[in-house]
Each structure stands twice: as structure tokens, then as C-alpha cells.
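A.B. asks: Structure provided below as C-alpha cells; questions to follow.
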Amino acid sequence: MAKSLLFINSLEKGLVVLTAFRHHHSMSLQDIARECDISGSSAQRVAYTLESLGYLIKDPVTRRYTLSVKALSLGYSYLANEPLFKVAHNILHHLHQDCGENVNLSVPEGNDMVFVIRIHTSKNVPIYMPVGSRIPLVSSASGRAVLSLYPQDQLDEILADMPVRMHTSRTTTDKAVLKHLIIEARDNGFAYADDEFFQADVNVAAAVVGPFNMPIAAVNISVPKPRWSLARAREELGPKVMRAARAISGRSVDLTDF
């Protein structure tokens, strides 16, 4: 499909370069050109512009580029001003106080769930996954909870096109099994995943819905093995994430229920 005359190609290149740093601490001009599939001269112009604006820092010795703290401003407004997150904040803290475990809110983007709120437990040192970290839809309870609310024909299309890869020895890669797990989540009101993205991690999640009852986010509780078994997490934490998700969705749930 042809791009509109309103489309600014140079702006697209700048955003592509900034996004490429998601997977790299630093990059040379050659790295930027290769990673972003642009010419060396384009990489040089874009990097120079972003450095001049304060979004990139160039090391005078290695001549490699890194993101500056100013790059945080690109996502800060979203996190600070999104009404959904303001509503979720208190509810998630009540949930955390009740269960005493890691509690998260994530939103779907492409084939991933993106963490937007994280509340850590003091019971163990958590894996470093700051806000903005991503986890595949199909390999997480949060993603499966979101997918469970899509119409069946749309779910079939999504699964058919979605890449699936191994993250642990227990990652579910069979799409027929994944479909079964998602339908099970639809029936139960919450999803689960066991050792599928991180080893010794069990998580349960329920979807937050917006207009037209479409999923817009997911509440997740993540717990470690062997302190928790999957059966116990499903029995004890499944109802809690469902209540929290309903509350964030705007339904009538008494916070004392947590």
C-alpha cells in the first residue's frame, strides 16, 4: 500500500533508530544502518540529528551512540497521563498487599505484552524487567488472557500468523495446545503459564476490558517455584486477578474483597 503524501519518511527513520536501541546498549553508525536497514549516510544524518536534540549521546573515543535520559521523555507522558493506569494504581496496590507477590499491569502491542506498572514483592529478588519490558503474548498468562477475549475467527487468524519460539524447556509451541489454553482461559476468566518464559515462574492473569468489551490490558500475578505450585496459584490467585481486572475495567468490585 502506497504511503500518504502526509507521511514524513525522515521522522519514521528517526523513530526506527530510537526503537532499535531497545535491544542494544550502544551502536556504531554501521550498527545503526544494519539494524534499521537504512544507508550509512541516512544513519549518520539521523544519529547526528538525534544527538543534536539530546536523545543520543556519542562517545568521543569509541564513536558509539547510546540513548540519553531525555529518551525517557518519549514514554513518560504516556505513563503519567493515561487514565487507565491512574485507575489501576490503587487497585494493584490493594492486590499486592493481599497476595504479597509480584503484581503487574501490561498492555498488548503487536505480538507482545508491554509492562506498564510493576509492584515487586520483598520475598525474593526479582528479575530485572523495568517498565517497558516486553513478553510474548502466547508465552505469558497476560497475553493469553487478552487473546481469550477475541472472537474465535480473529483468534484463529492471530495464532496462524504469530511466531512462537522456545524460551525455556517448558515453553508451549504447539499452536493447537496454545489455542486450547486460550479457550480454557476464556471459560475460566483467567489464564496461566507455567515455566514458559522464565524458569521456575508461575503466573496467572485476567484481562482488563474497555469499550465494546475488548481487552486493553491484563493484570498479572507472578510467583516462584517451589514456593508456589501451578495448582495452588490457579486456585488462590486466579480469583484475585479476576476481581482486580473487573475493578480496573470499571465494574463494581469492593476493594475490601482483596
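So you can find residues: chains in the C-alpha cells are A, B, ... in the order shown, residues in each start at 1, and ligands are numbered from 1 in order.
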What residues in region 48-225 of chain A get the DSSP label alpha helix (DSSP H)? Please answer as a PyMOL selection string.
C.D. replies: chain A and resi 48-53+73-81+83-99+141-147+152-161+175-188
A.B. asks: Excluding same-chain residues fewer than 6 positions from region 29-35 of chain A, what lies within 9 Å of it counting only C-alpha atoms, as a compact mmCIF listing (two decimals) with N, CA, C and O atoms, in the first residue's frame?
C.D. replies:
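The result, stored in selection_5.txt:
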# COMPACT_ATOMS: atom_id res chain seq x y z
N VAL A 17 15.28 4.35 14.45
CA VAL A 17 16.61 4.33 15.08
C VAL A 17 16.48 4.32 16.60
O VAL A 17 17.14 3.54 17.29
N ALA A 20 15.43 0.97 17.81
CA ALA A 20 16.46 -0.07 17.66
C ALA A 20 17.32 -0.21 18.91
O ALA A 20 17.88 -1.28 19.17
N PHE A 21 17.41 0.86 19.71
CA PHE A 21 18.21 0.78 20.93
C PHE A 21 17.53 -0.06 22.01
O PHE A 21 18.12 -0.29 23.07
N SER A 41 24.73 6.81 5.05
CA SER A 41 24.55 8.26 5.10
C SER A 41 23.29 8.64 5.86
O SER A 41 23.27 9.62 6.61
N SER A 42 22.22 7.83 5.69
CA SER A 42 20.99 8.09 6.44
C SER A 42 21.23 7.89 7.94
O SER A 42 20.76 8.67 8.77
N ALA A 43 21.96 6.82 8.28
CA ALA A 43 22.27 6.56 9.68
C ALA A 43 23.05 7.72 10.28
O ALA A 43 22.78 8.14 11.42
N GLN A 44 23.99 8.26 9.52
CA GLN A 44 24.78 9.37 10.01
C GLN A 44 23.93 10.62 10.25
O GLN A 44 24.05 11.29 11.28
N ALA A 47 21.48 9.96 13.27
CA ALA A 47 22.20 9.93 14.54
C ALA A 47 22.66 11.34 14.92
O ALA A 47 22.56 11.73 16.10
N ARG A 63 33.15 6.47 19.49
CA ARG A 63 32.25 7.00 18.47
C ARG A 63 30.95 6.17 18.36
O ARG A 63 30.29 6.14 17.34
N ARG A 64 30.63 5.49 19.45
CA ARG A 64 29.39 4.74 19.52
C ARG A 64 28.32 5.58 20.20
O ARG A 64 28.62 6.43 21.04
N TYR A 65 27.07 5.29 19.85
CA TYR A 65 25.94 6.06 20.36
C TYR A 65 25.17 5.26 21.42
O TYR A 65 25.00 4.05 21.30
A.B. asks: Could you check how far CA of Ile119 (chain A) sits from CA of Gly100 (chain A), in Å to one decimal?
C.D. replies: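 It comes out at 9.8 Å.
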A.B. asks: List the spatial neighbours of region 167-177 of chain A as a ChimeraX atom specification - criterion: any atom at most 8 Å away, only C-alpha atoms, same-chain residues fewer than 3 positions off excluded.
C.D. replies: /A:139,159,164,180-181,194-199
A.B. asks: May I have the residues within 8 Å of Gly14 (chain A) as a PDB file with C-alpha atoms, in the first residue's frame, using only C-alpha atoms and disregarding those fewer than 3 positions away in the same chain?
C.D. replies:
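Listed below is the output, part32.pdb:
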ATOM      1  CA  SER A  10      12.616  11.156   7.848  1.00  0.00           C
ATOM      2  CA  LEU A  11      10.538  11.117  11.038  1.00  0.00           C
ATOM      3  CA  VAL A  17      16.613   4.331  15.085  1.00  0.00           C
ATOM      4  CA  LEU A  18      15.432   5.189  18.599  1.00  0.00           C
ATOM      5  CA  VAL A  46      19.638  10.595  11.786  1.00  0.00           C
ATOM      6  CA  LEU A  50      19.129  12.846  17.485  1.00  0.00           C
TER       7      LEU A  50
END
A.B. asks: Near Pro226 (chain A), counting only C-alpha atoms, which residues have an atom at most 10 Å away, once you skip same-chain residues fewer than 3 positions from it, shown as JSON, numbers by chain?
C.D. replies: {"A": [200, 201, 202, 223, 229, 230]}
A.B. asks: Mind writing the picked residues with all heavy atoms as a compact mmCIF listing (two decimals), in the first residue's frame?
C.D. replies:
# COMPACT_ATOMS: atom_id res chain seq x y z
N ALA A 200 11.08 -21.59 36.55
CA ALA A 200 10.61 -21.54 37.95
C ALA A 200 9.67 -20.38 38.20
O ALA A 200 9.58 -19.86 39.31
CB ALA A 200 11.79 -21.48 38.91
N ASP A 201 8.94 -19.96 37.17
CA ASP A 201 7.98 -18.85 37.30
C ASP A 201 6.59 -19.33 36.90
O ASP A 201 6.40 -19.91 35.84
CB ASP A 201 8.39 -17.69 36.40
CG ASP A 201 7.37 -16.55 36.41
OD1 ASP A 201 7.27 -15.85 37.43
OD2 ASP A 201 6.65 -16.38 35.39
N VAL A 202 5.64 -19.09 37.79
CA VAL A 202 4.23 -19.39 37.52
C VAL A 202 3.49 -18.05 37.52
O VAL A 202 3.73 -17.22 38.40
CB VAL A 202 3.63 -20.31 38.59
CG1 VAL A 202 2.13 -20.51 38.35
CG2 VAL A 202 4.35 -21.64 38.60
N VAL A 223 4.56 -15.66 40.53
CA VAL A 223 5.05 -16.29 41.76
C VAL A 223 6.11 -17.34 41.43
O VAL A 223 6.11 -17.92 40.34
CB VAL A 223 3.90 -16.95 42.55
CG1 VAL A 223 2.95 -15.89 43.09
CG2 VAL A 223 3.13 -17.95 41.69
N SER A 229 2.92 -23.85 43.67
CA SER A 229 2.65 -24.79 42.59
C SER A 229 1.64 -24.15 41.64
O SER A 229 0.94 -23.18 42.01
CB SER A 229 2.05 -26.08 43.15
OG SER A 229 0.76 -25.84 43.70
N LEU A 230 1.55 -24.67 40.44
CA LEU A 230 0.58 -24.15 39.49
C LEU A 230 -0.84 -24.32 40.02
O LEU A 230 -1.66 -23.40 39.93
CB LEU A 230 0.72 -24.86 38.14
CG LEU A 230 -0.33 -24.49 37.08
CD1 LEU A 230 -0.28 -23.00 36.75
CD2 LEU A 230 -0.14 -25.34 35.82
A.B. asks: Could you pull out the strand (DSSP E) residues of region 9-225 of chain A, going by DSSP on the backbone, and write them as a PyMOL selection string?
C.D. replies: chain A and resi 56-58+65-67+102-109+112-119+134-136+191-194+201-209+215-224
A.B. asks: Find the spatial neighbours of Tyr78 (chain A), counting only C-alpha atoms, within a cut-off of 12 Å - ignore same-chain residues fewer than 6 positions away - and output them as an mmCIF file with all heavy atoms, in the first residue's frame.
C.D. replies:
data_model
loop_
_atom_site.group_PDB
_atom_site.id
_atom_site.type_symbol
_atom_site.label_atom_id
_atom_site.label_comp_id
_atom_site.auth_asym_id
_atom_site.auth_seq_id
_atom_site.Cartn_x
_atom_site.Cartn_y
_atom_site.Cartn_z
ATOM 1 N N LEU A 72 13.710 9.037 27.789
ATOM 2 C CA LEU A 72 12.610 8.634 28.652
ATOM 3 C C LEU A 72 11.388 9.523 28.479
ATOM 4 O O LEU A 72 10.262 9.093 28.712
ATOM 5 C CB LEU A 72 13.045 8.676 30.124
ATOM 6 C CG LEU A 72 13.824 7.489 30.667
ATOM 7 C CD1 LEU A 72 14.279 7.770 32.089
ATOM 8 C CD2 LEU A 72 12.986 6.228 30.621
ATOM 9 N N LEU A 84 -6.198 4.994 32.370
ATOM 10 C CA LEU A 84 -6.286 3.595 32.804
ATOM 11 C C LEU A 84 -5.274 3.296 33.894
ATOM 12 O O LEU A 84 -5.574 2.611 34.867
ATOM 13 C CB LEU A 84 -6.051 2.669 31.607
ATOM 14 C CG LEU A 84 -5.952 1.169 31.924
ATOM 15 C CD1 LEU A 84 -7.307 0.631 32.368
ATOM 16 C CD2 LEU A 84 -5.430 0.400 30.719
ATOM 17 N N PHE A 85 -4.055 3.812 33.747
ATOM 18 C CA PHE A 85 -3.001 3.499 34.712
ATOM 19 C C PHE A 85 -3.271 4.176 36.059
ATOM 20 O O PHE A 85 -2.932 3.633 37.106
ATOM 21 C CB PHE A 85 -1.638 3.922 34.171
ATOM 22 C CG PHE A 85 -1.323 3.350 32.813
ATOM 23 C CD1 PHE A 85 -0.403 3.972 31.979
ATOM 24 C CD2 PHE A 85 -1.950 2.198 32.349
ATOM 25 C CE1 PHE A 85 -0.112 3.456 30.736
ATOM 26 C CE2 PHE A 85 -1.666 1.669 31.103
ATOM 27 C CZ PHE A 85 -0.740 2.308 30.288
ATOM 28 N N LYS A 86 -3.854 5.355 36.012
ATOM 29 C CA LYS A 86 -4.198 6.039 37.258
ATOM 30 C C LYS A 86 -5.261 5.249 38.021
ATOM 31 O O LYS A 86 -5.201 5.134 39.248
ATOM 32 C CB LYS A 86 -4.686 7.457 36.956
ATOM 33 C CG LYS A 86 -3.612 8.360 36.351
ATOM 34 C CD LYS A 86 -4.158 9.746 36.062
ATOM 35 C CE LYS A 86 -3.080 10.651 35.462
ATOM 36 N NZ LYS A 86 -3.583 12.012 35.169
ATOM 37 N N VAL A 116 3.601 -1.947 32.050
ATOM 38 C CA VAL A 116 3.434 -0.509 32.288
ATOM 39 C C VAL A 116 3.398 -0.170 33.779
ATOM 40 O O VAL A 116 3.667 0.974 34.164
ATOM 41 C CB VAL A 116 2.176 0.035 31.581
ATOM 42 C CG1 VAL A 116 2.359 -0.007 30.074
ATOM 43 C CG2 VAL A 116 0.925 -0.742 31.985
ATOM 44 N N VAL A 131 9.751 -1.224 33.644
ATOM 45 C CA VAL A 131 8.592 -0.814 32.861
ATOM 46 C C VAL A 131 9.030 -0.617 31.408
ATOM 47 O O VAL A 131 10.088 -0.047 31.125
ATOM 48 C CB VAL A 131 8.006 0.495 33.427
ATOM 49 C CG1 VAL A 131 7.020 1.120 32.455
ATOM 50 C CG2 VAL A 131 7.328 0.234 34.768
ATOM 51 N N GLY A 132 8.228 -1.115 30.485
ATOM 52 C CA GLY A 132 8.586 -1.087 29.065
ATOM 53 C C GLY A 132 9.089 -2.425 28.559
ATOM 54 O O GLY A 132 9.187 -2.629 27.340
#
A.B. asks: Quick one: residues within 6 Å of region 203-217 of chain A, only C-alpha atoms, excluding same-chain residues fewer than 2 positions away - as a list of chain:residue names?
C.D. replies: A:Ser106, A:Val107, A:Ala141, A:Ser142, A:Ala145, A:Val146, A:Phe190, A:Ala191, A:Tyr192, A:Ala193, A:Val219, A:Asn220, A:Ile221, A:Ser222, A:Val241, A:Met242, A:Ala245, A:Ser249
A.B. asks: CA of Ile117 (chain A) and CA of Ser77 (chain A) are how many Å apart?
C.D. replies: 14.1 Å
A.B. asks: What separation in Å, quoted to one decimal, exists between CA of Pro151 (chain A) and CA of Leu178 (chain A)?
C.D. replies: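 We find that CA of Pro151 (chain A) and CA of Leu178 (chain A) lie 15.5 Å from each other.
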A.B. asks: Kindly indicate which residue among A:Glu82, A:Glu51, A:Asp98, A:Asp161 lies nearest to Glu236 (chain A), using only C-alpha atoms for the distances.
C.D. replies: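 The closest residue to Glu236 (chain A) is A:Asp98.
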